[in-house]
Amino acid sequence: MNHGLLEKLKGLEVKLQDSYVQNMAATIDSENLILQVQRSPQATMDDFLFEVGHYLKLLRPGDPDAQPRKLLHVACGNGLYNLVFTAFYREIVNLDPVEEMLVHARRICRNLEGQTYVRDYGHNIGRHYPPHSFDDVFCIGIANIVADAADYFAILDAVSHVVKEGGRLVLGRIPDLAKRDPYLASLPAILAPKGFSRERIEQIVRDNRAVNWYAMEEITRFLKERGGICTIHPVNVQHIGHECMSDISVQF
Ligand SMILES: C[S@@+](CC[C@H](N)C(=O)[O-])C[C@H]1O[C@@H](n2cnc3c(N)ncnc32)[C@H](O)[C@@H]1O
């Protein structure tokens, strides 16, 4: 357990869910880079590349040869996605409030050109860049970890201002309220054969129910008011828990 990181994650201005904080502090020292970004411990590099391909399609639908210039990567974590994104973007700005994450990102992306690192929260992006600064914005794995849904909407508001007209915002892994109950009902049948006790399963179901679940219509309405046209997509990965999430791509 990385206790320094644990304290830092607990002390963030934007509060994160306790389960995420504990999990991240426990895994950040691991050599498994995929695990460090909170994927399943079983995830392989093939799974990861499949996932990145899915997000590239959402960022560049029907136009794989287009060369957008500048990507904002919000909540970049260890920056692993950039190993692929770099082929499509001349510049990538990586934003994350946690220095440890940026240390990993700098290390993983050290041989890539055009990387910039900004230590700050998503809702503060306007302090660093004026409106319409980015061709595209990618923001994944944050809706499911902020403790207060209002903080997620503050990030959406801020990033919608920095995308250029004609640009795209891709939001990944949003817990989808419409999928919550079938997902929670499916957990005992998934976890019992793995040896989880009944008490533990009930606790996991309670913990999962307690996270922020978002009505997709609320997010799409919010972004429409900011000039975005949204499309909702199922999360296209195989990890347990991700089937209850959705992705949203937004055209500005
Ligand atoms: C679950 S990780 C996801 C990392 C990366 N997006 C991925 O999927 O590989 C969540 C990341 O969000 C960052 N984070 C936490 N609060 C944030 C905020 N308010 N704004 C932007 N990033 C935040 C954390 O430091 C962490 O790196």
# chains A, B, ... in the order shown; residues from 1 in each chain; ligands from 1
>>> residues_near_ligand(ligand="ligand 1", cutoff="9 Å", atoms="only C-alpha atoms and all ligand atoms", output="NGL selection string")
:A and (9 or 12-16 or 20 or 24 or 34 or 36-39 or 73-81 or 95-102 or 119-124 or 138-146 or 151-152 or 154-155 or 172-173)
>>> write_last_selection(atoms="N, CA and C atoms", output="compact mmCIF listing (two decimals), in the first residue's frame")
# COMPACT_ATOMS: atom_id res chain seq x y z
N LEU A 9 -4.66 11.13 -2.18
CA LEU A 9 -5.94 10.90 -2.87
C LEU A 9 -7.12 11.27 -1.96
N LEU A 12 -7.76 15.20 -1.86
CA LEU A 12 -8.03 15.98 -3.06
C LEU A 12 -9.24 16.90 -2.86
N GLU A 13 -9.18 18.03 -3.53
CA GLU A 13 -10.27 19.01 -3.44
C GLU A 13 -11.58 18.42 -3.99
N VAL A 14 -11.45 17.68 -5.09
CA VAL A 14 -12.62 16.98 -5.64
C VAL A 14 -12.60 15.58 -5.02
N LYS A 15 -13.58 15.27 -4.20
CA LYS A 15 -13.55 14.01 -3.43
C LYS A 15 -13.80 12.80 -4.33
N LEU A 16 -13.00 11.77 -4.12
CA LEU A 16 -13.15 10.53 -4.87
C LEU A 16 -13.77 9.47 -3.97
N TYR A 20 -12.31 3.55 -4.61
CA TYR A 20 -11.30 3.84 -5.65
C TYR A 20 -9.97 4.23 -5.00
N MET A 24 -6.57 2.26 -5.61
CA MET A 24 -5.49 2.88 -6.36
C MET A 24 -4.21 2.89 -5.53
N ILE A 34 -1.69 -2.02 -16.70
CA ILE A 34 -3.12 -2.05 -17.02
C ILE A 34 -3.92 -2.07 -15.72
N GLN A 36 -3.00 -0.77 -13.01
CA GLN A 36 -2.88 0.54 -12.38
C GLN A 36 -3.96 1.50 -12.83
N VAL A 37 -4.52 1.29 -14.00
CA VAL A 37 -5.60 2.18 -14.42
C VAL A 37 -6.93 1.52 -14.13
N GLN A 38 -6.92 0.59 -13.17
CA GLN A 38 -8.14 0.04 -12.60
C GLN A 38 -8.90 -0.84 -13.56
N ARG A 39 -8.18 -1.57 -14.36
CA ARG A 39 -8.88 -2.58 -15.13
C ARG A 39 -8.81 -3.89 -14.38
N HIS A 73 -6.28 15.23 -22.92
CA HIS A 73 -6.52 13.95 -22.25
C HIS A 73 -6.78 14.24 -20.77
N VAL A 74 -8.05 14.31 -20.42
CA VAL A 74 -8.44 14.65 -19.04
C VAL A 74 -8.42 13.40 -18.17
N ALA A 75 -7.92 13.52 -16.93
CA ALA A 75 -7.78 12.36 -16.03
C ALA A 75 -6.91 11.31 -16.71
N CYS A 76 -5.76 11.75 -17.16
CA CYS A 76 -4.93 10.90 -18.04
C CYS A 76 -4.39 9.67 -17.32
N GLY A 77 -4.37 9.70 -15.97
CA GLY A 77 -3.82 8.55 -15.26
C GLY A 77 -2.40 8.28 -15.70
N ASN A 78 -2.08 7.04 -15.98
CA ASN A 78 -0.69 6.73 -16.36
C ASN A 78 -0.40 6.98 -17.84
N GLY A 79 -1.39 7.49 -18.56
CA GLY A 79 -1.12 7.93 -19.94
C GLY A 79 -0.98 6.81 -20.96
N LEU A 80 -1.36 5.60 -20.55
CA LEU A 80 -1.15 4.45 -21.42
C LEU A 80 -1.79 4.61 -22.80
N TYR A 81 -2.97 5.22 -22.84
CA TYR A 81 -3.67 5.38 -24.12
C TYR A 81 -2.83 6.15 -25.13
N LEU A 95 -3.85 15.95 -18.53
CA LEU A 95 -4.24 16.64 -17.30
C LEU A 95 -4.66 15.64 -16.23
N ASP A 96 -4.09 15.78 -15.05
CA ASP A 96 -4.47 14.94 -13.91
C ASP A 96 -4.06 15.69 -12.65
N PRO A 97 -4.87 15.62 -11.60
CA PRO A 97 -4.50 16.37 -10.38
C PRO A 97 -3.49 15.64 -9.50
N VAL A 98 -3.18 14.39 -9.81
CA VAL A 98 -2.33 13.60 -8.91
C VAL A 98 -0.93 13.45 -9.49
N GLU A 99 0.03 14.01 -8.77
CA GLU A 99 1.41 14.02 -9.28
C GLU A 99 1.92 12.61 -9.58
N GLU A 100 1.57 11.63 -8.73
CA GLU A 100 2.04 10.25 -8.97
C GLU A 100 1.59 9.74 -10.33
N MET A 101 0.37 10.11 -10.72
CA MET A 101 -0.14 9.67 -12.02
C MET A 101 0.69 10.30 -13.13
N LEU A 102 0.98 11.58 -12.96
CA LEU A 102 1.74 12.28 -14.00
C LEU A 102 3.17 11.74 -14.07
N ARG A 119 -0.81 19.54 -14.06
CA ARG A 119 -1.35 18.96 -12.83
C ARG A 119 -2.49 19.84 -12.34
N ASP A 120 -3.71 19.38 -12.58
CA ASP A 120 -4.88 20.14 -12.12
C ASP A 120 -6.12 19.27 -12.29
N TYR A 121 -7.22 19.78 -11.79
CA TYR A 121 -8.50 19.09 -11.89
C TYR A 121 -9.15 19.42 -13.24
N GLY A 122 -10.00 18.50 -13.69
CA GLY A 122 -10.68 18.72 -14.97
C GLY A 122 -11.47 20.02 -15.02
N HIS A 123 -12.11 20.37 -13.91
CA HIS A 123 -12.97 21.57 -13.96
C HIS A 123 -12.15 22.85 -14.07
N ASN A 124 -10.83 22.75 -13.86
CA ASN A 124 -9.98 23.94 -13.95
C ASN A 124 -9.29 24.12 -15.30
N PHE A 138 -10.58 13.76 -24.64
CA PHE A 138 -10.82 12.38 -24.22
C PHE A 138 -10.83 12.36 -22.70
N CYS A 139 -11.89 11.78 -22.13
CA CYS A 139 -12.03 11.81 -20.67
C CYS A 139 -12.70 10.52 -20.23
N ILE A 140 -11.91 9.65 -19.67
CA ILE A 140 -12.43 8.32 -19.34
C ILE A 140 -12.06 7.93 -17.92
N GLY A 141 -12.99 7.18 -17.29
CA GLY A 141 -12.69 6.63 -15.96
C GLY A 141 -12.71 7.67 -14.87
N ILE A 142 -13.56 8.66 -14.97
CA ILE A 142 -13.66 9.66 -13.91
C ILE A 142 -15.09 9.75 -13.37
N ALA A 143 -16.09 9.58 -14.26
CA ALA A 143 -17.49 9.59 -13.78
C ALA A 143 -17.68 8.52 -12.71
N ASN A 144 -17.00 7.39 -12.89
CA ASN A 144 -17.19 6.27 -11.98
C ASN A 144 -16.40 6.39 -10.68
N ILE A 145 -15.60 7.44 -10.54
CA ILE A 145 -14.83 7.53 -9.28
C ILE A 145 -15.05 8.81 -8.48
N VAL A 146 -15.62 9.87 -9.09
CA VAL A 146 -15.83 11.06 -8.25
C VAL A 146 -16.96 10.76 -7.26
N ASP A 151 -19.46 17.20 -9.32
CA ASP A 151 -18.06 17.42 -9.73
C ASP A 151 -17.84 16.90 -11.16
N TYR A 152 -18.52 15.83 -11.51
CA TYR A 152 -18.40 15.32 -12.89
C TYR A 152 -19.02 16.32 -13.86
N ALA A 154 -19.23 19.46 -13.45
CA ALA A 154 -18.34 20.64 -13.53
C ALA A 154 -17.21 20.37 -14.53
N ILE A 155 -16.73 19.13 -14.57
CA ILE A 155 -15.68 18.78 -15.55
C ILE A 155 -16.27 18.86 -16.96
N GLY A 172 -15.70 8.27 -21.45
CA GLY A 172 -15.71 6.82 -21.32
C GLY A 172 -16.06 6.34 -19.94
N ARG A 173 -16.67 5.18 -19.89
CA ARG A 173 -16.96 4.46 -18.65
C ARG A 173 -17.81 5.27 -17.68
>>> residues_around(residues="range 201-212 of chain A", least_positions_apart="6", cutoff="9 Å", atoms="only C-alpha atoms", output="MDAnalysis selection string")
chainID A and resid 17 19 143:149 175 177 180:181 184:185 187:188 191:192
>>> write_last_selection(atoms="C-alpha atoms", output="mmCIF file, in the first residue's frame")
data_model
loop_
_atom_site.group_PDB
_atom_site.id
_atom_site.type_symbol
_atom_site.label_atom_id
_atom_site.label_comp_id
_atom_site.auth_asym_id
_atom_site.auth_seq_id
_atom_site.Cartn_x
_atom_site.Cartn_y
_atom_site.Cartn_z
ATOM 1 C CA GLN A 17 -14.976 7.401 -3.817
ATOM 2 C CA SER A 19 -13.205 2.287 -2.723
ATOM 3 C CA ALA A 143 -17.494 9.586 -13.784
ATOM 4 C CA ASN A 144 -17.190 6.266 -11.975
ATOM 5 C CA ILE A 145 -14.827 7.528 -9.284
ATOM 6 C CA VAL A 146 -15.833 11.060 -8.246
ATOM 7 C CA ALA A 147 -17.769 10.984 -4.991
ATOM 8 C CA ASP A 148 -20.135 13.804 -5.968
ATOM 9 C CA ALA A 149 -21.894 13.762 -9.353
ATOM 10 C CA PRO A 175 -22.060 4.163 -14.797
ATOM 11 C CA LEU A 177 -28.438 4.200 -14.389
ATOM 12 C CA ARG A 180 -27.755 -0.574 -12.780
ATOM 13 C CA ASP A 181 -30.450 -2.914 -11.520
ATOM 14 C CA LEU A 184 -26.540 -5.571 -9.486
ATOM 15 C CA ALA A 185 -28.969 -8.500 -9.820
ATOM 16 C CA LEU A 187 -23.556 -10.015 -9.334
ATOM 17 C CA PRO A 188 -24.378 -12.958 -7.007
ATOM 18 C CA LEU A 191 -19.290 -13.765 -7.685
ATOM 19 C CA ALA A 192 -20.540 -16.872 -5.874
#
>>> closest_residue(among="A:Cys109, A:Leu72, A:Val250, A:Val84", to="Gly126 in chain A", atoms="only C-alpha atoms")
A:Leu72
>>> select_by_dssp(residues="range 103-233 of chain A", states="helix (DSSP H, G or I)", output="ChimeraX atom specification")
/A:103-108,122-127,149-162,177-194,198-210,216-224
>>> closest_residue(among="A:Leu59, A:Cys244, A:Ile125, A:Val235", to="Gly166 in chain A", atoms="only C-alpha atoms")
A:Leu59
>>> select_by_dssp(residues="range 93-156 of chain A", states="strand (DSSP E)", output="ChimeraX atom specification")
/A:93-96,115-119,134-140
>>> closest_residue(among="A:Phe252, A:Val162, A:Arg221, A:Leu83", to="Arg110 in chain A", atoms="only C-alpha atoms")
A:Leu83
>>> atom_distance(atom1="CA of Val137 in chain A", atom2="CA of Gly167 in chain A")
8.1 Å
>>> closest_residue(among="A:Ala105, A:Val170, A:Ile219, A:Ala189", to="Ala150 in chain A", atoms="only C-alpha atoms")
A:Ile219
>>> closest_residue(among="A:Arg69, A:His161, A:Arg90, A:Arg106", to="Asp135 in chain A", atoms="only C-alpha atoms")
A:Arg69
>>> closest_residue(among="A:Ser197, A:Asn236, A:Lys8, A:Asp176", to="Gly53 in chain A", atoms="only C-alpha atoms")
A:Asn236
>>> atom_distance(atom1="CA of Met216 in chain A", atom2="CA of Ser249 in chain A")
11.7 Å
>>> atom_distance(atom1="CA of Thr231 in chain A", atom2="CA of Leu156 in chain A")
15.1 Å
>>> residues_around(residues="Gln115 in chain A", least_positions_apart="2", cutoff="8 Å", atoms="only C-alpha atoms", output="list in words")
Glu91, Ile92, Val93, Asn94, Cys109, Leu112, Glu113 and Tyr117 of chain A
